[in-house]
Amino acid sequence: MHVDGTMRDRLRTIPVFVGVDATAGRFEDDGPADNPLPAIGEWIFAAAAAGQLEPHAMSLCTVDASGVPSSRVLIVKDIDDEHLYFATPSDSRKGLDIAANPHVSAHFHWPLVGRQIRIVGTAADQGRAASEDDFAERGRGSRLAAHLHRPGPLPDRRTALAEFDRLGSRYGDEVPCPPTWTLYAITPAEVEFWEASADRVHHRLVYRRDTRHAAWRRELLWP
Ligand SMILES: Cc1cc2nc3c(=O)[nH]c(=O)nc-3n(C[C@H](O)[C@H](O)[C@H](O)COP(=O)(O)O)c2cc1C
């Protein structure tokens, strides 16, 4: 397929902040209060109401023992006044990174409403009981798929499909929780709310605190 223009030209024709007008001014009206955590959930639901697909998907960045970062998308399973929760195998790359270095960052982007939230904090294993509860709430397909996770390379896709079939025949409704399946909680130390503005003077409000029980301090940032 031939497409005219250089890569640079083609990238520059793609518009940004298309959804901004619809949300202009909302930041000040329903701006987050003393604790930023509940507002994360509210922004997820606002994005969902605007039609954003998978608004509860966030990118999670971890850093390995030698300082090399990596990121991937995960679903947020719950948010309370102190934590955001996600689940994944402890022997995955991110799980091994967190075991070596608990510092993580997380990020949401909702283009339909011109908003993003960035989070910096630490992640911690929530223990077997919480992890098994999380696993039990997953659909059968994703419980079976969790058993497909192994360290090391996969020889070919057919091998994974055959293994998925074997697991499906082996387990009925009761799919056991793999010992590595782990619910993690992120304890944020920094949460930044960002909202695009049609005049390009975008809004930024950051919350920071030093320890888990300290009060949050909030300040505006230059765009
Ligand atoms: C929308 C979306 C949601 C995902 N949700 C999860 C999840 O909740 N848990 C998980 O382990 N992987 C999830 N994944 C897959 C991860 O992005 C990643 O590929 C996988 O966990 C391996 O990551 P790692 O090798 O860096 O540990 C999701 C991917 C996408 C695109």
# chains A, B, ... in the order shown; residues from 1 in each chain; ligands from 1
>>> select_by_dssp(residues="range 4-221 of chain A", states="alpha helix (DSSP H)", output="JSON, numbers by chain")
{"A": [7, 8, 9, 10, 11, 12, 20, 21, 22, 23, 26, 27, 28, 29, 36, 37, 38, 39, 40, 41, 42, 43, 44, 45, 46, 47, 48, 49, 93, 94, 95, 96, 97, 98, 99, 100, 128, 129, 130, 131, 132, 133, 134, 135, 136, 140, 141, 142, 143, 144, 145, 146, 157, 158, 159, 160, 161, 162, 163, 164, 165, 166, 167, 168, 169, 170]}
>>> residues_near_ligand(ligand="ligand 1", cutoff="12 Å", atoms="only C-alpha atoms and all ligand atoms", output="ChimeraX atom specification")
/A:53-64,69-78,85-98,108,134-135,138,142-143,145-153,180-184
>>> closest_residue(among="A:Cys177, A:Ala136, A:Leu112, A:Ala189", to="Ala49 in chain A", atoms="only C-alpha atoms")
A:Leu112
>>> atom_distance(atom1="CA of Thr211 in chain A", atom2="CA of His109 in chain A")
26.4 Å
>>> select_by_dssp(residues="range 111-217 of chain A", states="strand (DSSP E)", output="ChimeraX atom specification")
/A:115-125,181-195,203-208,217
>>> residues_around(residues="Val16 in chain A", least_positions_apart="5", cutoff="12 Å", atoms="only C-alpha atoms", output="number ranges by chain")
A: 11, 21, 110-115, 196-198, 200
>>> write_last_selection(atoms="N, CA and C atoms", output="short mmCIF file (atom, residue, chain, number, x, y, z; two decimals), in the first residue's frame")
data_model
loop_
_atom_site.label_atom_id
_atom_site.label_comp_id
_atom_site.auth_asym_id
_atom_site.auth_seq_id
_atom_site.Cartn_x
_atom_site.Cartn_y
_atom_site.Cartn_z
N LEU A 11 2.12 11.95 10.56
CA LEU A 11 1.86 12.06 12.00
C LEU A 11 1.28 13.43 12.33
N ASP A 21 -13.47 20.47 23.79
CA ASP A 21 -14.55 21.45 23.97
C ASP A 21 -15.64 20.92 24.88
N TRP A 110 -7.53 9.58 28.79
CA TRP A 110 -8.86 9.46 28.22
C TRP A 110 -9.01 10.51 27.14
N PRO A 111 -8.66 10.19 25.87
CA PRO A 111 -8.69 11.20 24.81
C PRO A 111 -10.08 11.79 24.59
N LEU A 112 -11.13 11.00 24.81
CA LEU A 112 -12.48 11.52 24.53
C LEU A 112 -12.84 12.69 25.43
N VAL A 113 -12.24 12.80 26.60
CA VAL A 113 -12.54 13.93 27.48
C VAL A 113 -11.31 14.81 27.70
N GLY A 114 -10.22 14.52 27.00
CA GLY A 114 -9.03 15.37 27.10
C GLY A 114 -8.43 15.40 28.49
N ARG A 115 -8.38 14.23 29.12
CA ARG A 115 -7.86 14.19 30.49
C ARG A 115 -6.80 13.10 30.64
N ALA A 196 -7.08 19.02 29.41
CA ALA A 196 -6.82 19.90 28.27
C ALA A 196 -7.83 21.04 28.27
N SER A 197 -7.37 22.19 27.80
CA SER A 197 -8.25 23.35 27.66
C SER A 197 -8.22 23.77 26.20
N ALA A 198 -9.38 24.21 25.69
CA ALA A 198 -9.46 24.58 24.27
C ALA A 198 -8.48 25.70 23.92
N ARG A 200 -5.55 25.95 25.01
CA ARG A 200 -4.21 25.35 25.18
C ARG A 200 -3.55 25.74 26.49
#
>>> closest_residue(among="A:His213, A:Arg128, A:His202, A:Arg140", to="Thr187 in chain A", atoms="only C-alpha atoms")
A:His213
>>> residues_around(residues="Asn35 in chain A", least_positions_apart="6", cutoff="12 Å", atoms="only C-alpha atoms", output="ChimeraX atom specification")
/A:41,80-83,188-192,206-209,212-218
>>> atom_distance(atom1="CA of Ala106 in chain A", atom2="CA of Leu221 in chain A")
19.0 Å
>>> closest_residue(among="A:Ser105, A:Asp133, A:Gly141, A:Gly51", to="Gly168 in chain A", atoms="only C-alpha atoms")
A:Gly141
>>> atom_distance(atom1="CA of Leu205 in chain A", atom2="CA of Phe193 in chain A")
5.3 Å
>>> decode(residues="range 23-152 of chain A", atoms="C-alpha atoms", output="PDB file, in the first residue's frame")
ATOM      1  CA  THR A  23     -15.215  19.134  28.867  1.00  0.00           C
ATOM      2  CA  ALA A  24     -13.958  22.745  29.019  1.00  0.00           C
ATOM      3  CA  GLY A  25     -14.171  24.200  32.499  1.00  0.00           C
ATOM      4  CA  ARG A  26     -15.159  20.976  34.259  1.00  0.00           C
ATOM      5  CA  PHE A  27     -11.855  20.805  36.081  1.00  0.00           C
ATOM      6  CA  GLU A  28     -12.609  23.766  38.347  1.00  0.00           C
ATOM      7  CA  ASP A  29     -16.240  22.807  38.869  1.00  0.00           C
ATOM      8  CA  ASP A  30     -15.781  19.281  40.156  1.00  0.00           C
ATOM      9  CA  GLY A  31     -12.088  19.498  41.013  1.00  0.00           C
ATOM     10  CA  PRO A  32     -10.791  16.861  43.399  1.00  0.00           C
ATOM     11  CA  ALA A  33     -11.022  17.491  47.151  1.00  0.00           C
ATOM     12  CA  ASP A  34      -8.591  16.765  50.005  1.00  0.00           C
ATOM     13  CA  ASN A  35      -7.907  13.160  49.036  1.00  0.00           C
ATOM     14  CA  PRO A  36      -7.188  12.653  45.329  1.00  0.00           C
ATOM     15  CA  LEU A  37      -7.960   8.913  45.326  1.00  0.00           C
ATOM     16  CA  PRO A  38     -11.790   9.071  45.047  1.00  0.00           C
ATOM     17  CA  ALA A  39     -11.480  11.554  42.169  1.00  0.00           C
ATOM     18  CA  ILE A  40      -9.491   8.992  40.151  1.00  0.00           C
ATOM     19  CA  GLY A  41     -12.550   6.743  40.152  1.00  0.00           C
ATOM     20  CA  GLU A  42     -14.810   9.688  39.319  1.00  0.00           C
ATOM     21  CA  TRP A  43     -12.687  10.589  36.289  1.00  0.00           C
ATOM     22  CA  ILE A  44     -12.778   6.930  35.147  1.00  0.00           C
ATOM     23  CA  PHE A  45     -16.586   6.929  35.316  1.00  0.00           C
ATOM     24  CA  ALA A  46     -16.812  10.343  33.627  1.00  0.00           C
ATOM     25  CA  ALA A  47     -14.694   9.003  30.762  1.00  0.00           C
ATOM     26  CA  ALA A  48     -16.907   5.899  30.581  1.00  0.00           C
ATOM     27  CA  ALA A  49     -20.021   8.102  30.443  1.00  0.00           C
ATOM     28  CA  ALA A  50     -18.459  10.038  27.538  1.00  0.00           C
ATOM     29  CA  GLY A  51     -18.004   6.752  25.656  1.00  0.00           C
ATOM     30  CA  GLN A  52     -14.307   6.149  26.314  1.00  0.00           C
ATOM     31  CA  LEU A  53     -13.549   2.443  25.881  1.00  0.00           C
ATOM     32  CA  GLU A  54     -11.670   0.669  28.691  1.00  0.00           C
ATOM     33  CA  PRO A  55     -11.427   3.816  30.853  1.00  0.00           C
ATOM     34  CA  HIS A  56     -10.227   1.681  33.760  1.00  0.00           C
ATOM     35  CA  ALA A  57      -7.123   0.568  31.818  1.00  0.00           C
ATOM     36  CA  MET A  58      -3.920   2.209  33.038  1.00  0.00           C
ATOM     37  CA  SER A  59      -0.331   1.908  31.988  1.00  0.00           C
ATOM     38  CA  LEU A  60       1.925   0.735  34.794  1.00  0.00           C
ATOM     39  CA  CYS A  61       5.641   1.449  34.700  1.00  0.00           C
ATOM     40  CA  THR A  62       7.995  -0.646  36.819  1.00  0.00           C
ATOM     41  CA  VAL A  63      11.770  -0.485  37.163  1.00  0.00           C
ATOM     42  CA  ASP A  64      14.007  -3.529  37.466  1.00  0.00           C
ATOM     43  CA  ALA A  65      16.906  -4.063  39.869  1.00  0.00           C
ATOM     44  CA  SER A  66      19.357  -2.466  37.438  1.00  0.00           C
ATOM     45  CA  GLY A  67      17.189   0.621  36.840  1.00  0.00           C
ATOM     46  CA  VAL A  68      15.671  -0.374  33.486  1.00  0.00           C
ATOM     47  CA  PRO A  69      11.999   0.713  33.215  1.00  0.00           C
ATOM     48  CA  SER A  70       9.198  -1.109  31.379  1.00  0.00           C
ATOM     49  CA  SER A  71       5.503  -0.391  31.037  1.00  0.00           C
ATOM     50  CA  ARG A  72       2.308  -2.167  30.070  1.00  0.00           C
ATOM     51  CA  VAL A  73      -1.464  -1.721  30.300  1.00  0.00           C
ATOM     52  CA  LEU A  74      -3.445  -3.215  33.207  1.00  0.00           C
ATOM     53  CA  ILE A  75      -7.019  -3.057  34.425  1.00  0.00           C
ATOM     54  CA  VAL A  76      -7.634  -1.307  37.749  1.00  0.00           C
ATOM     55  CA  LYS A  77      -9.575  -3.745  39.918  1.00  0.00           C
ATOM     56  CA  ASP A  78     -10.513  -1.398  42.762  1.00  0.00           C
ATOM     57  CA  ILE A  79      -9.739   2.013  44.230  1.00  0.00           C
ATOM     58  CA  ASP A  80     -10.181   2.985  47.875  1.00  0.00           C
ATOM     59  CA  ASP A  81      -9.075   6.024  49.883  1.00  0.00           C
ATOM     60  CA  GLU A  82      -5.461   4.774  50.045  1.00  0.00           C
ATOM     61  CA  HIS A  83      -4.777   2.455  47.113  1.00  0.00           C
ATOM     62  CA  LEU A  84      -5.357   1.404  43.529  1.00  0.00           C
ATOM     63  CA  TYR A  85      -5.419  -2.369  42.977  1.00  0.00           C
ATOM     64  CA  PHE A  86      -4.368  -4.522  40.041  1.00  0.00           C
ATOM     65  CA  ALA A  87      -3.724  -8.245  39.637  1.00  0.00           C
ATOM     66  CA  THR A  88      -1.038 -10.108  37.747  1.00  0.00           C
ATOM     67  CA  PRO A  89       1.353 -13.082  38.179  1.00  0.00           C
ATOM     68  CA  SER A  90       4.172 -12.400  40.648  1.00  0.00           C
ATOM     69  CA  ASP A  91       6.634 -14.124  38.296  1.00  0.00           C
ATOM     70  CA  SER A  92       5.758 -11.817  35.378  1.00  0.00           C
ATOM     71  CA  ARG A  93       8.273  -9.160  34.390  1.00  0.00           C
ATOM     72  CA  LYS A  94       6.344  -6.497  36.342  1.00  0.00           C
ATOM     73  CA  GLY A  95       5.981  -8.809  39.348  1.00  0.00           C
ATOM     74  CA  LEU A  96       9.713  -9.505  39.427  1.00  0.00           C
ATOM     75  CA  ASP A  97      10.442  -5.784  39.009  1.00  0.00           C
ATOM     76  CA  ILE A  98       8.184  -4.901  41.962  1.00  0.00           C
ATOM     77  CA  ALA A  99       9.829  -7.586  44.124  1.00  0.00           C
ATOM     78  CA  ALA A 100      13.199  -5.954  43.390  1.00  0.00           C
ATOM     79  CA  ASN A 101      11.994  -2.334  43.454  1.00  0.00           C
ATOM     80  CA  PRO A 102       8.522  -1.355  44.732  1.00  0.00           C
ATOM     81  CA  HIS A 103       8.563   2.089  43.068  1.00  0.00           C
ATOM     82  CA  VAL A 104       6.032   2.317  40.223  1.00  0.00           C
ATOM     83  CA  SER A 105       4.243   4.919  38.174  1.00  0.00           C
ATOM     84  CA  ALA A 106       0.803   4.578  36.645  1.00  0.00           C
ATOM     85  CA  HIS A 107      -0.988   6.594  34.024  1.00  0.00           C
ATOM     86  CA  PHE A 108      -4.498   6.993  32.633  1.00  0.00           C
ATOM     87  CA  HIS A 109      -5.321   8.815  29.392  1.00  0.00           C
ATOM     88  CA  TRP A 110      -8.862   9.459  28.221  1.00  0.00           C
ATOM     89  CA  PRO A 111      -8.690  11.196  24.810  1.00  0.00           C
ATOM     90  CA  LEU A 112     -12.478  11.518  24.534  1.00  0.00           C
ATOM     91  CA  VAL A 113     -12.539  13.927  27.480  1.00  0.00           C
ATOM     92  CA  GLY A 114      -9.026  15.369  27.099  1.00  0.00           C
ATOM     93  CA  ARG A 115      -7.856  14.188  30.488  1.00  0.00           C
ATOM     94  CA  GLN A 116      -4.968  12.280  31.994  1.00  0.00           C
ATOM     95  CA  ILE A 117      -3.906  11.288  35.507  1.00  0.00           C
ATOM     96  CA  ARG A 118      -0.353  10.357  36.436  1.00  0.00           C
ATOM     97  CA  ILE A 119       0.494   8.553  39.649  1.00  0.00           C
ATOM     98  CA  VAL A 120       3.790   7.839  41.405  1.00  0.00           C
ATOM     99  CA  GLY A 121       3.964   5.458  44.341  1.00  0.00           C
ATOM    100  CA  THR A 122       4.898   2.023  45.571  1.00  0.00           C
ATOM    101  CA  ALA A 123       3.281  -1.353  44.881  1.00  0.00           C
ATOM    102  CA  ALA A 124       2.851  -4.170  47.401  1.00  0.00           C
ATOM    103  CA  ASP A 125       1.614  -7.773  47.285  1.00  0.00           C
ATOM    104  CA  GLN A 126      -1.727  -8.062  49.127  1.00  0.00           C
ATOM    105  CA  GLY A 127      -1.226 -11.690  50.197  1.00  0.00           C
ATOM    106  CA  ARG A 128      -2.786 -15.033  49.238  1.00  0.00           C
ATOM    107  CA  ALA A 129      -6.330 -14.541  50.569  1.00  0.00           C
ATOM    108  CA  ALA A 130      -6.866 -11.228  48.710  1.00  0.00           C
ATOM    109  CA  SER A 131      -5.258 -12.650  45.559  1.00  0.00           C
ATOM    110  CA  GLU A 132      -7.478 -15.751  45.623  1.00  0.00           C
ATOM    111  CA  ASP A 133     -10.577 -13.580  46.127  1.00  0.00           C
ATOM    112  CA  ASP A 134      -9.575 -11.514  43.099  1.00  0.00           C
ATOM    113  CA  PHE A 135      -9.010 -14.666  41.036  1.00  0.00           C
ATOM    114  CA  ALA A 136     -12.390 -16.133  42.005  1.00  0.00           C
ATOM    115  CA  GLU A 137     -14.155 -13.062  40.567  1.00  0.00           C
ATOM    116  CA  ARG A 138     -12.603 -13.506  37.128  1.00  0.00           C
ATOM    117  CA  GLY A 139     -14.509 -15.145  34.281  1.00  0.00           C
ATOM    118  CA  ARG A 140     -13.685 -18.794  33.522  1.00  0.00           C
ATOM    119  CA  GLY A 141     -11.774 -17.930  30.321  1.00  0.00           C
ATOM    120  CA  SER A 142      -9.479 -15.498  32.078  1.00  0.00           C
ATOM    121  CA  ARG A 143      -9.006 -17.884  35.022  1.00  0.00           C
ATOM    122  CA  LEU A 144      -7.906 -20.580  32.555  1.00  0.00           C
ATOM    123  CA  ALA A 145      -5.737 -18.089  30.670  1.00  0.00           C
ATOM    124  CA  ALA A 146      -3.945 -17.172  33.897  1.00  0.00           C
ATOM    125  CA  HIS A 147      -2.651 -20.772  33.934  1.00  0.00           C
ATOM    126  CA  LEU A 148      -1.019 -20.171  30.550  1.00  0.00           C
ATOM    127  CA  HIS A 149       1.466 -17.769  32.069  1.00  0.00           C
ATOM    128  CA  ARG A 150       4.972 -19.307  32.267  1.00  0.00           C
ATOM    129  CA  PRO A 151       8.389 -17.760  32.287  1.00  0.00           C
ATOM    130  CA  GLY A 152      10.447 -18.333  29.149  1.00  0.00           C
TER     131      GLY A 152
END
